[in-house]
Every structure is written in C-alpha cells, then in structure tokens.
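Structure first, then comments.
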Amino acid sequence: GSLTGGGMFVGTIVCGLVVLNCGGITCRGSLLRDISMYAISVYIVRGVLESGEVTRKDVLLFLEMYIIYVAVIFCSDMYHKKVTRQRIKAESQLRKSLVKEKRASRLLSDKSKDVFGSHAATEASP
C-alpha cells in the first residue's frame with residue numbers, strides 16, 4: 001500500500017508542481033508515454049494484489065511490459081535525434097536569418113532617417 005501510495009504521490013503531486021513551476025510541459029509526448037505506462041502498471045498491480053498471489057504469468061507480463069517500455073523509449077529517442085533535432089535546427093537557422101534581416105532593415109531605416117533628416121534640416125535653415 002505505501003509503495004503504490006508513494007508512487008502515486010510522486011506521479012501526481014510532485015509532477016504537477018514541477019509542471020506549474022516550469023511554466024508548462026515541453027515534452028508532452030514523453031510525459032504522456034510515462035504516465036500511461038505508470039497507469040497501466042498500477043492497474044495490473046492492483047489486479048495481482050486482488051488475486052492474492054503472484055503467478056509466473058504475472059511476472060512474465062511485467063517483464064514483457066518493461067521490455068516494450070524500453071523499446072518505445074529507444075525508438076522515441078531515435079526519432080527525436082533524427083527528426084525533431086533536425087526540425088529544431090532548421091527553425092533556429094530560419095529564426096537567426098529573420099533576426100539578421102530585421103536588424104539590417106532597422107539599421108537601413110535608421111541611416112535613411114539620419115540622411116534625410118539632416119538633409120531636410122540643412123534645407124530649412126537658410
């Protein structure tokens with residue numbers, strides 16, 4: 001009882017406080033994957049505890065779940081490395097080029113104000 005209660009406390013209260021303090025969830029897919037696996041595991045543990053005995057079938061089920069979970073994490077990590085990082089890198093380069101263009105246009109507009117502003121001032125003074 002205390003093991004599942006402690007796990008539920010960490011999974012709900014602590015996770016919720018971390019999300020609130022960080023201003024949101026940056027990796028929604030990973031969080032949903034982990035929460036789903038935890039919920040499934042708790043549900044199966046509840047069933048095993050209600051039956052009153054742990055059978056070989058239950059042990060194999062938990063081992064299979066663990067292997068599947070590790071495989072999903074490995075695949076999602078590979079996907080992140082190949083797809084998400086490339087997309088983030090491309091977006092970052094695009095953002096940098098937009099910032100450079102914005103700075104250049106701001107610099108040109110400031111220089112044109114200086115040139116036209118001083119030219120207008122010299123014509124108005126005589």
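Residues in the structure tokens are numbered from 1 in each chain, the chains being A, B, ... in the order shown, and ligands are numbered from 1 in the order shown.
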
May I have a table of the residues of region 25-48 of chain A lying at most 10 Å from region 62-77 of chain A, giving each one's closest pair of atoms and their distance in Å to one decimal, counting only C-alpha atoms, ordered by chain and ascending residue number, as a Markdown table?
| residue | atom | partner | partner_atom | distance |
| --- | --- | --- | --- | --- |
| A:Gly29 | CA | A:Ser76 | CA | 9.2 |
| A:Ser30 | CA | A:Ser76 | CA | 8.4 |
| A:Arg33 | CA | A:Ile73 | CA | 8.7 |
| A:Asp34 | CA | A:Tyr69 | CA | 8.8 |
| A:Met37 | CA | A:Tyr69 | CA | 7.5 |
| A:Ile40 | CA | A:Met65 | CA | 9.4 |
| A:Ser41 | CA | A:Phe62 | CA | 8.0 |
| A:Ile44 | CA | A:Phe62 | CA | 8.8 |
| A:Val45 | CA | A:Phe62 | CA | 9.3 |

*How would you write, as a ChimeraX atom specification, the set of residues in region 1-125 of chain A that DSSP gives as alpha helix (DSSP H)?*
/A:2-9,15-22,28-51,56-79,85-124

*What is the CA of Ala104 (chain A) to CA of Ala90 (chain A) distance in Å?*
21.1 Å

*Work out how far CA of Thr12 (chain A) is from CA of Val48 (chain A), in Å to one decimal.*
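According to the coordinates, CA of Val48 (chain A) and CA of Thr12 (chain A) are separated by 22.6 Å.
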